Amino acid sequence: MPALTDSRGRVLTLRGWNVEDKTNRGDAALSAVTEKHFRDMRAKGFNFARLLVFWDDLEPQPGRYSQTYLRKIERILDWAEKHDVKVLIDAHQDVFGPAFGHRGIPAWATRTDGLPFTPHPDDWFSEYFEPAVQRAFTHLYEDEDLRRAQARMWQVLAERLGDHPAVLGYDPINEPMGEIREGEDLPTAARRIEREQLTPLYNRLADAIREVDRDAWIFVEPTPIVGEGVPTGLGRIDDPKIVYAPHFYNTGMEAGADYDPTAGWIESYEQAVTLYPKEYKVPVVVGEWGPLNNSLPNMNRFYRDAMASLGRYTSGWAGYVWCYGGGYCAVDGTGAFRTNKELTAEPYAEAVAGRVSSAAYDPATGVYRLEYAAAGPRGSRLTELALPPGDWKVTARGALVLHDRDRGRARVVAAPDSRVTVTATRTGTDVLP
């Protein structure tokens, strides 16, 4: 896949988590997100956060943007910068927004044509298939005034936040859905929505963002149906800095089922999800993944299989979600990884000054190996590795290694055109069984 790069042309790998506050709104919005989130993530080796923001908090009334909310986002970005975490700003929605008891698109931008909506408190995802919700998506995609409002909202965000050094890019809409037509099955409907409605939406929003920010990456999502191994119908987004950002969820596992290694789900997902980036030559970053119940018998195998798969084709990922507790939380109240979540903490090359030939970690042996051809002017020759907690020995052939054990980092300096092999080996008694 094509590489994700930084402003110095180095090849990036992103490993991190979603950061959110879905509970608080208004004056209390984002109060559940603290500096501790970013300090703890970085301490465990992660360099990336997908920060959830909500249009209904930013623009509670048409044309009136909350300066307080923007300042809160800036404060969070300041924490991320302090702890060297790159941030993706995600305009999040769940079941469209507050008109249906969730968060996202404001109630004033929700049009249902009087169609019915029945809540499903025990199966919230099924609410996406309620007639009123589906019609609301159609109006968002098709009504000219709502198109302008969404574009303007993104310009407000990008103009205010685009110069912040922590900002890597923007995710215009989380898990977009749409309206299923009579006679369509779900995969057919998803591909049509992606082709006819989401592709124009992303092109419109990319154009709007570029009026105020020329540099950030724009992350585009297919519908969540991609999780069933359905290739996307998205077309070309006419922008030079597009990232394909699917989510990686399995319906059965989301409902509480254990992972079935014999079912071939990960293999079929990988095969389907790599078609779009190969055709349009864009990097891949998985924006969300991770099951609700991590302690079932096969979940250790799931995390090993998933990490191997993600390492084959992505420029990175954001797990769901960095919080301190149960459910989807990555860590418990003490900050310790919850069952099997520790398998997400691997060594990786955050930034490579050159062309990567191979990069892989073997959890059985505790060995990470990176091979690359060094490139770049004098100020861009620095390759950086992130190491999770533990004892690591880092060596390099063809380069100089500076190992900062206290910070879990290693820096590699090489002359241009040299062939470099970097090896990080876990030592001591904490190699995974």
# chains A, B, ... in the order shown; residues from 1 in each chain; ligands from 1
>>> select_by_dssp(residues="stretch 21-206 of chain A", states="strand (DSSP E or B)", output="list in words")
Phe48, Ala49, Arg50, Leu51, Leu52, Val53, Gln61, Arg64, Lys86, Val87, Leu88, Ile89, Asp90, Ala91, Val167, Leu168, Gly169, Tyr170 and Asp171 of chain A
>>> write_last_selection(atoms="all heavy atoms", output="short mmCIF file (atom, residue, chain, number, x, y, z; two decimals), in the first residue's frame")
data_model
loop_
_atom_site.label_atom_id
_atom_site.label_comp_id
_atom_site.auth_asym_id
_atom_site.auth_seq_id
_atom_site.Cartn_x
_atom_site.Cartn_y
_atom_site.Cartn_z
N PHE A 48 -0.87 7.72 18.67
CA PHE A 48 -1.97 8.15 17.82
C PHE A 48 -3.27 8.15 18.60
O PHE A 48 -3.54 7.22 19.37
CB PHE A 48 -2.07 7.20 16.62
CG PHE A 48 -3.18 7.49 15.64
CD1 PHE A 48 -3.37 8.76 15.12
CD2 PHE A 48 -4.02 6.47 15.21
CE1 PHE A 48 -4.38 9.01 14.19
CE2 PHE A 48 -5.02 6.70 14.28
CZ PHE A 48 -5.20 7.97 13.78
N ALA A 49 -4.08 9.21 18.41
CA ALA A 49 -5.40 9.27 19.02
C ALA A 49 -6.42 9.75 17.98
O ALA A 49 -6.16 10.72 17.26
CB ALA A 49 -5.42 10.22 20.22
N ARG A 50 -7.50 9.05 17.90
CA ARG A 50 -8.64 9.49 17.09
C ARG A 50 -9.62 10.15 18.05
O ARG A 50 -10.30 9.48 18.82
CB ARG A 50 -9.27 8.31 16.36
CG ARG A 50 -10.47 8.64 15.47
CD ARG A 50 -10.89 7.37 14.72
NE ARG A 50 -12.02 7.57 13.83
CZ ARG A 50 -13.29 7.21 14.12
NH1 ARG A 50 -13.58 6.66 15.30
NH2 ARG A 50 -14.26 7.40 13.24
N LEU A 51 -9.68 11.47 18.01
CA LEU A 51 -10.46 12.25 18.96
C LEU A 51 -11.86 12.48 18.43
O LEU A 51 -12.04 13.12 17.38
CB LEU A 51 -9.78 13.59 19.24
CG LEU A 51 -10.54 14.55 20.15
CD1 LEU A 51 -10.69 13.99 21.56
CD2 LEU A 51 -9.84 15.90 20.19
N LEU A 52 -12.86 12.02 19.18
CA LEU A 52 -14.25 12.19 18.78
C LEU A 52 -14.73 13.59 19.14
O LEU A 52 -14.63 14.01 20.31
CB LEU A 52 -15.15 11.16 19.47
CG LEU A 52 -15.22 9.76 18.88
CD1 LEU A 52 -13.85 9.09 18.79
CD2 LEU A 52 -16.19 8.89 19.67
N VAL A 53 -15.24 14.31 18.14
CA VAL A 53 -15.92 15.59 18.38
C VAL A 53 -17.31 15.50 17.75
O VAL A 53 -17.55 14.69 16.85
CB VAL A 53 -15.13 16.79 17.81
CG1 VAL A 53 -13.73 16.85 18.42
CG2 VAL A 53 -15.04 16.74 16.30
N GLN A 61 -26.79 25.73 17.47
CA GLN A 61 -27.79 26.44 16.69
C GLN A 61 -27.18 26.81 15.35
O GLN A 61 -25.97 27.06 15.27
CB GLN A 61 -28.27 27.70 17.42
CG GLN A 61 -28.93 27.41 18.76
CD GLN A 61 -29.35 28.69 19.46
OE1 GLN A 61 -29.77 29.66 18.82
NE2 GLN A 61 -29.23 28.71 20.78
N ARG A 64 -24.09 29.27 14.74
CA ARG A 64 -23.52 29.72 16.02
C ARG A 64 -22.58 28.64 16.53
O ARG A 64 -23.02 27.59 17.01
CB ARG A 64 -24.62 30.02 17.04
CG ARG A 64 -25.56 31.15 16.60
CD ARG A 64 -26.56 31.50 17.67
NE ARG A 64 -25.91 32.00 18.88
CZ ARG A 64 -26.59 32.39 19.96
NH1 ARG A 64 -27.92 32.33 19.97
NH2 ARG A 64 -25.94 32.83 21.03
N LYS A 86 -0.04 12.05 17.86
CA LYS A 86 -0.69 12.67 16.70
C LYS A 86 -2.20 12.44 16.81
O LYS A 86 -2.65 11.39 17.25
CB LYS A 86 -0.15 12.09 15.40
CG LYS A 86 1.34 12.32 15.19
CD LYS A 86 1.83 11.63 13.93
CE LYS A 86 3.31 11.90 13.70
NZ LYS A 86 4.15 11.33 14.78
N VAL A 87 -2.99 13.41 16.34
CA VAL A 87 -4.43 13.36 16.53
C VAL A 87 -5.17 13.45 15.20
O VAL A 87 -4.86 14.28 14.35
CB VAL A 87 -4.90 14.51 17.46
CG1 VAL A 87 -6.43 14.52 17.59
CG2 VAL A 87 -4.25 14.38 18.84
N LEU A 88 -6.15 12.57 15.07
CA LEU A 88 -7.12 12.63 13.99
C LEU A 88 -8.42 13.18 14.57
O LEU A 88 -8.96 12.61 15.53
CB LEU A 88 -7.35 11.22 13.41
CG LEU A 88 -8.50 11.06 12.43
CD1 LEU A 88 -8.28 11.88 11.18
CD2 LEU A 88 -8.69 9.58 12.08
N ILE A 89 -8.91 14.28 14.00
CA ILE A 89 -10.17 14.87 14.45
C ILE A 89 -11.31 14.15 13.73
O ILE A 89 -11.43 14.22 12.50
CB ILE A 89 -10.23 16.38 14.14
CG1 ILE A 89 -9.03 17.11 14.76
CG2 ILE A 89 -11.55 16.98 14.64
CD1 ILE A 89 -9.01 17.13 16.26
N ASP A 90 -12.15 13.47 14.49
CA ASP A 90 -13.24 12.67 13.94
C ASP A 90 -14.58 13.31 14.24
O ASP A 90 -14.96 13.47 15.41
CB ASP A 90 -13.19 11.26 14.56
CG ASP A 90 -14.50 10.50 14.42
OD1 ASP A 90 -15.07 10.52 13.31
OD2 ASP A 90 -14.94 9.89 15.41
N ALA A 91 -15.31 13.72 13.19
CA ALA A 91 -16.68 14.23 13.37
C ALA A 91 -17.59 13.02 13.55
O ALA A 91 -18.04 12.39 12.60
CB ALA A 91 -17.11 15.06 12.17
N VAL A 167 -2.22 18.02 15.16
CA VAL A 167 -3.25 17.58 14.21
C VAL A 167 -2.61 16.92 12.99
O VAL A 167 -1.83 17.53 12.28
CB VAL A 167 -4.14 18.76 13.77
CG1 VAL A 167 -5.07 18.34 12.65
CG2 VAL A 167 -4.96 19.27 14.96
N LEU A 168 -3.00 15.67 12.77
CA LEU A 168 -2.55 14.93 11.59
C LEU A 168 -3.57 15.01 10.47
O LEU A 168 -3.21 15.11 9.30
CB LEU A 168 -2.31 13.47 11.96
CG LEU A 168 -1.94 12.55 10.81
CD1 LEU A 168 -0.50 12.80 10.36
CD2 LEU A 168 -2.12 11.09 11.20
N GLY A 169 -4.86 14.95 10.83
CA GLY A 169 -5.87 14.94 9.77
C GLY A 169 -7.28 14.99 10.32
O GLY A 169 -7.51 15.18 11.53
N TYR A 170 -8.23 14.80 9.38
CA TYR A 170 -9.65 14.94 9.68
C TYR A 170 -10.42 13.74 9.13
O TYR A 170 -10.14 13.27 8.03
CB TYR A 170 -10.21 16.21 9.04
CG TYR A 170 -9.40 17.45 9.30
CD1 TYR A 170 -8.73 18.10 8.26
CD2 TYR A 170 -9.28 17.98 10.59
CE1 TYR A 170 -7.98 19.25 8.48
CE2 TYR A 170 -8.53 19.12 10.82
CZ TYR A 170 -7.88 19.75 9.77
OH TYR A 170 -7.13 20.87 10.00
N ASP A 171 -11.39 13.27 9.92
CA ASP A 171 -12.30 12.21 9.51
C ASP A 171 -13.68 12.85 9.39
O ASP A 171 -14.34 13.12 10.40
CB ASP A 171 -12.29 11.11 10.58
CG ASP A 171 -13.11 9.88 10.21
OD1 ASP A 171 -14.01 10.00 9.36
OD2 ASP A 171 -12.85 8.81 10.77
#
>>> residues_around(residues="A:Ser418", least_positions_apart="2", cutoff="8 Å", atoms="only C-alpha atoms", output="mmCIF file with N, CA and C atoms, in the first residue's frame")
data_model
loop_
_atom_site.group_PDB
_atom_site.id
_atom_site.type_symbol
_atom_site.label_atom_id
_atom_site.label_comp_id
_atom_site.auth_asym_id
_atom_site.auth_seq_id
_atom_site.Cartn_x
_atom_site.Cartn_y
_atom_site.Cartn_z
ATOM 1 N N ALA A 373 15.800 1.351 3.080
ATOM 2 C CA ALA A 373 16.856 2.062 2.364
ATOM 3 C C ALA A 373 16.793 3.513 2.793
ATOM 4 N N ALA A 374 17.839 3.994 3.446
ATOM 5 C CA ALA A 374 17.825 5.342 4.001
ATOM 6 C C ALA A 374 17.791 6.388 2.891
ATOM 7 N N ALA A 375 17.097 7.470 3.159
ATOM 8 C CA ALA A 375 16.968 8.567 2.195
ATOM 9 C C ALA A 375 16.698 9.841 2.965
ATOM 10 N N GLY A 398 24.266 -0.825 9.585
ATOM 11 C CA GLY A 398 24.259 0.240 8.593
ATOM 12 C C GLY A 398 23.813 1.574 9.131
ATOM 13 N N ALA A 414 21.085 7.272 9.736
ATOM 14 C CA ALA A 414 21.806 6.563 8.674
ATOM 15 C C ALA A 414 22.151 7.528 7.554
ATOM 16 N N ALA A 415 23.224 7.232 6.868
ATOM 17 C CA ALA A 415 23.602 8.021 5.696
ATOM 18 C C ALA A 415 22.669 7.702 4.540
ATOM 19 N N PRO A 416 22.391 8.694 3.669
ATOM 20 C CA PRO A 416 21.514 8.438 2.523
ATOM 21 C C PRO A 416 22.016 7.280 1.673
ATOM 22 N N VAL A 420 19.671 -0.397 5.758
ATOM 23 C CA VAL A 420 19.643 -0.444 7.215
ATOM 24 C C VAL A 420 18.739 -1.586 7.679
#
>>> residues_around(residues="A:Gly287", least_positions_apart="3", cutoff="12 Å", atoms="only C-alpha atoms", output="PyMOL selection string")
chain A and resi 14-19+48-52+87-90+92+170-171+173-175+219-222+224+243-249+284+290+310+314-321
>>> atom_distance(atom1="atom CA of A:Ser309", atom2="atom CA of A:Asp238")
28.4 Å
>>> atom_distance(atom1="atom CA of A:Ala396", atom2="atom CA of A:Thr421")
5.5 Å
>>> atom_distance(atom1="atom CA of A:Gly376", atom2="atom CA of A:Arg355")
9.9 Å
>>> closest_residue(among="A:Thr395, A:Gln93, A:Thr334, A:Thr427", to="A:Thr365", atoms="only C-alpha atoms")
A:Thr427
>>> residues_around(residues="A:Leu400", least_positions_apart="6", cutoff="9 Å", atoms="only C-alpha atoms", output="list in words")
Arg411, Val412, Val413 and Ala414 of chain A
>>> write_last_selection(atoms="C-alpha atoms", output="PDB file, in the first residue's frame")
ATOM      1  CA  ARG A 411      16.341   6.785  17.153  1.00  0.00           C
ATOM      2  CA  VAL A 412      18.291   5.572  14.156  1.00  0.00           C
ATOM      3  CA  VAL A 413      20.537   7.801  12.045  1.00  0.00           C
ATOM      4  CA  ALA A 414      21.806   6.563   8.674  1.00  0.00           C
TER       5      ALA A 414
END
>>> residues_around(residues="stretch 72-79 of chain A", least_positions_apart="5", cutoff="8 Å", atoms="only C-alpha atoms", output="PyMOL selection string")
chain A and resi 30+33-35+38+87+161+164+166-167
>>> residues_around(residues="A:Ala306", least_positions_apart="6", cutoff="12 Å", atoms="only C-alpha atoms", output="PDB file with N, CA and C atoms, in the first residue's frame")
ATOM      1  N   PHE A 248     -13.083  -2.128  11.630  1.00  0.00           N
ATOM      2  CA  PHE A 248     -12.765  -3.553  11.612  1.00  0.00           C
ATOM      3  C   PHE A 248     -13.551  -4.232  12.735  1.00  0.00           C
ATOM      4  N   TYR A 249     -14.840  -4.457  12.460  1.00  0.00           N
ATOM      5  CA  TYR A 249     -15.725  -5.074  13.439  1.00  0.00           C
ATOM      6  C   TYR A 249     -16.435  -6.264  12.806  1.00  0.00           C
ATOM      7  N   ASN A 250     -16.706  -7.259  13.631  1.00  0.00           N
ATOM      8  CA  ASN A 250     -17.457  -8.439  13.227  1.00  0.00           C
ATOM      9  C   ASN A 250     -18.795  -8.444  13.946  1.00  0.00           C
ATOM     10  N   TYR A 259     -14.500 -15.332  19.050  1.00  0.00           N
ATOM     11  CA  TYR A 259     -13.821 -15.381  17.753  1.00  0.00           C
ATOM     12  C   TYR A 259     -13.730 -16.826  17.285  1.00  0.00           C
ATOM     13  N   PRO A 261     -11.615 -18.883  14.777  1.00  0.00           N
ATOM     14  CA  PRO A 261     -10.457 -18.821  13.875  1.00  0.00           C
ATOM     15  C   PRO A 261     -10.658 -19.573  12.568  1.00  0.00           C
ATOM     16  N   GLY A 264     -12.623 -17.760   8.839  1.00  0.00           N
ATOM     17  CA  GLY A 264     -11.995 -16.996   7.769  1.00  0.00           C
ATOM     18  C   GLY A 264     -12.416 -15.543   7.692  1.00  0.00           C
ATOM     19  N   TRP A 265     -12.976 -15.009   8.802  1.00  0.00           N
ATOM     20  CA  TRP A 265     -13.472 -13.629   8.734  1.00  0.00           C
ATOM     21  C   TRP A 265     -12.337 -12.631   8.515  1.00  0.00           C
ATOM     22  N   ILE A 266     -11.264 -12.752   9.268  1.00  0.00           N
ATOM     23  CA  ILE A 266     -10.178 -11.787   9.115  1.00  0.00           C
ATOM     24  C   ILE A 266      -9.599 -11.851   7.710  1.00  0.00           C
ATOM     25  N   GLU A 267      -9.456 -13.042   7.179  1.00  0.00           N
ATOM     26  CA  GLU A 267      -8.918 -13.198   5.827  1.00  0.00           C
ATOM     27  C   GLU A 267      -9.825 -12.562   4.783  1.00  0.00           C
ATOM     28  N   TYR A 269     -12.076 -10.193   5.303  1.00  0.00           N
ATOM     29  CA  TYR A 269     -12.069  -8.749   5.523  1.00  0.00           C
ATOM     30  C   TYR A 269     -10.836  -8.128   4.876  1.00  0.00           C
ATOM     31  N   GLU A 270      -9.672  -8.705   5.120  1.00  0.00           N
ATOM     32  CA  GLU A 270      -8.436  -8.156   4.568  1.00  0.00           C
ATOM     33  C   GLU A 270      -8.471  -8.160   3.044  1.00  0.00           C
ATOM     34  N   VAL A 286      -6.933   1.890   9.891  1.00  0.00           N
ATOM     35  CA  VAL A 286      -8.189   1.399  10.456  1.00  0.00           C
ATOM     36  C   VAL A 286      -8.578   2.290  11.630  1.00  0.00           C
ATOM     37  N   TRP A 289     -11.397  -0.591  16.003  1.00  0.00           N
ATOM     38  CA  TRP A 289     -11.473  -2.045  16.052  1.00  0.00           C
ATOM     39  C   TRP A 289     -11.346  -2.497  17.493  1.00  0.00           C
ATOM     40  N   GLY A 290     -11.720  -3.736  17.734  1.00  0.00           N
ATOM     41  CA  GLY A 290     -11.619  -4.327  19.065  1.00  0.00           C
ATOM     42  C   GLY A 290     -12.971  -4.758  19.588  1.00  0.00           C
ATOM     43  N   PRO A 291     -13.123  -6.016  19.987  1.00  0.00           N
ATOM     44  CA  PRO A 291     -14.419  -6.522  20.442  1.00  0.00           C
ATOM     45  C   PRO A 291     -14.781  -6.058  21.842  1.00  0.00           C
ATOM     46  N   MET A 299     -10.121 -15.196  22.319  1.00  0.00           N
ATOM     47  CA  MET A 299      -9.763 -13.804  22.078  1.00  0.00           C
ATOM     48  C   MET A 299      -8.247 -13.583  22.037  1.00  0.00           C
ATOM     49  N   ASN A 300      -7.480 -14.391  22.744  1.00  0.00           N
ATOM     50  CA  ASN A 300      -6.032 -14.274  22.615  1.00  0.00           C
ATOM     51  C   ASN A 300      -5.622 -14.551  21.176  1.00  0.00           C
ATOM     52  N   ARG A 312       0.048  -6.217   7.969  1.00  0.00           N
ATOM     53  CA  ARG A 312       0.340  -6.518   6.566  1.00  0.00           C
ATOM     54  C   ARG A 312      -0.049  -5.401   5.615  1.00  0.00           C
ATOM     55  N   TYR A 313      -1.106  -4.662   5.921  1.00  0.00           N
ATOM     56  CA  TYR A 313      -1.633  -3.750   4.904  1.00  0.00           C
ATOM     57  C   TYR A 313      -1.928  -2.345   5.385  1.00  0.00           C
ATOM     58  N   THR A 314      -1.846  -2.069   6.672  1.00  0.00           N
ATOM     59  CA  THR A 314      -2.203  -0.727   7.127  1.00  0.00           C
ATOM     60  C   THR A 314      -0.978   0.111   7.439  1.00  0.00           C
ATOM     61  N   TRP A 317      -3.536   2.082  13.037  1.00  0.00           N
ATOM     62  CA  TRP A 317      -4.894   1.843  13.500  1.00  0.00           C
ATOM     63  C   TRP A 317      -5.136   2.586  14.816  1.00  0.00           C
ATOM     64  N   GLY A 319      -7.476   1.645  18.103  1.00  0.00           N
ATOM     65  CA  GLY A 319      -8.397   0.730  18.772  1.00  0.00           C
ATOM     66  C   GLY A 319      -9.521   1.499  19.447  1.00  0.00           C
ATOM     67  N   ASN A 340      -5.986  -9.539  27.322  1.00  0.00           N
ATOM     68  CA  ASN A 340      -5.563  -9.652  25.916  1.00  0.00           C
ATOM     69  C   ASN A 340      -5.277  -8.317  25.236  1.00  0.00           C
ATOM     70  N   LYS A 341      -5.631  -7.208  25.851  1.00  0.00           N
ATOM     71  CA  LYS A 341      -5.355  -5.912  25.228  1.00  0.00           C
ATOM     72  C   LYS A 341      -3.852  -5.626  25.179  1.00  0.00           C
ATOM     73  N   LEU A 343      -1.732  -7.346  23.973  1.00  0.00           N
ATOM     74  CA  LEU A 343      -1.211  -7.823  22.692  1.00  0.00           C
ATOM     75  C   LEU A 343      -1.207  -6.729  21.630  1.00  0.00           C
ATOM     76  N   THR A 344      -1.864  -5.611  21.897  1.00  0.00           N
ATOM     77  CA  THR A 344      -1.834  -4.485  20.949  1.00  0.00           C
ATOM     78  C   THR A 344      -0.559  -3.659  21.089  1.00  0.00           C
TER      79      THR A 344
END
>>> closest_residue(among="A:Val285, A:Leu201, A:Ala189, A:Leu382", to="A:Trp217", atoms="only C-alpha atoms")
A:Val285
>>> closest_residue(among="A:Tyr324, A:Asn294, A:Pro106, A:Ala410", to="A:Ala32", atoms="only C-alpha atoms")
A:Tyr324
>>> closest_atom_pairs(of="stretch 314-353 of chain A", to="stretch 367-370 of chain A", cutoff="8 Å", atoms="only C-alpha atoms", output="tab-separated table")
residue	atom	partner	partner_atom	distance
A:Pro347	CA	A:Tyr368	CA	6.5
A:Tyr348	CA	A:Tyr368	CA	7.5
A:Ala349	CA	A:Leu370	CA	7.6
>>> closest_residue(among="A:Gly408, A:Asp391, A:Gly325, A:Ala386", to="A:Val352", atoms="only C-alpha atoms")
A:Ala386
>>> closest_residue(among="A:Ala399, A:Ile193, A:Ala28, A:Val133", to="A:Arg111", atoms="only C-alpha atoms")
A:Val133
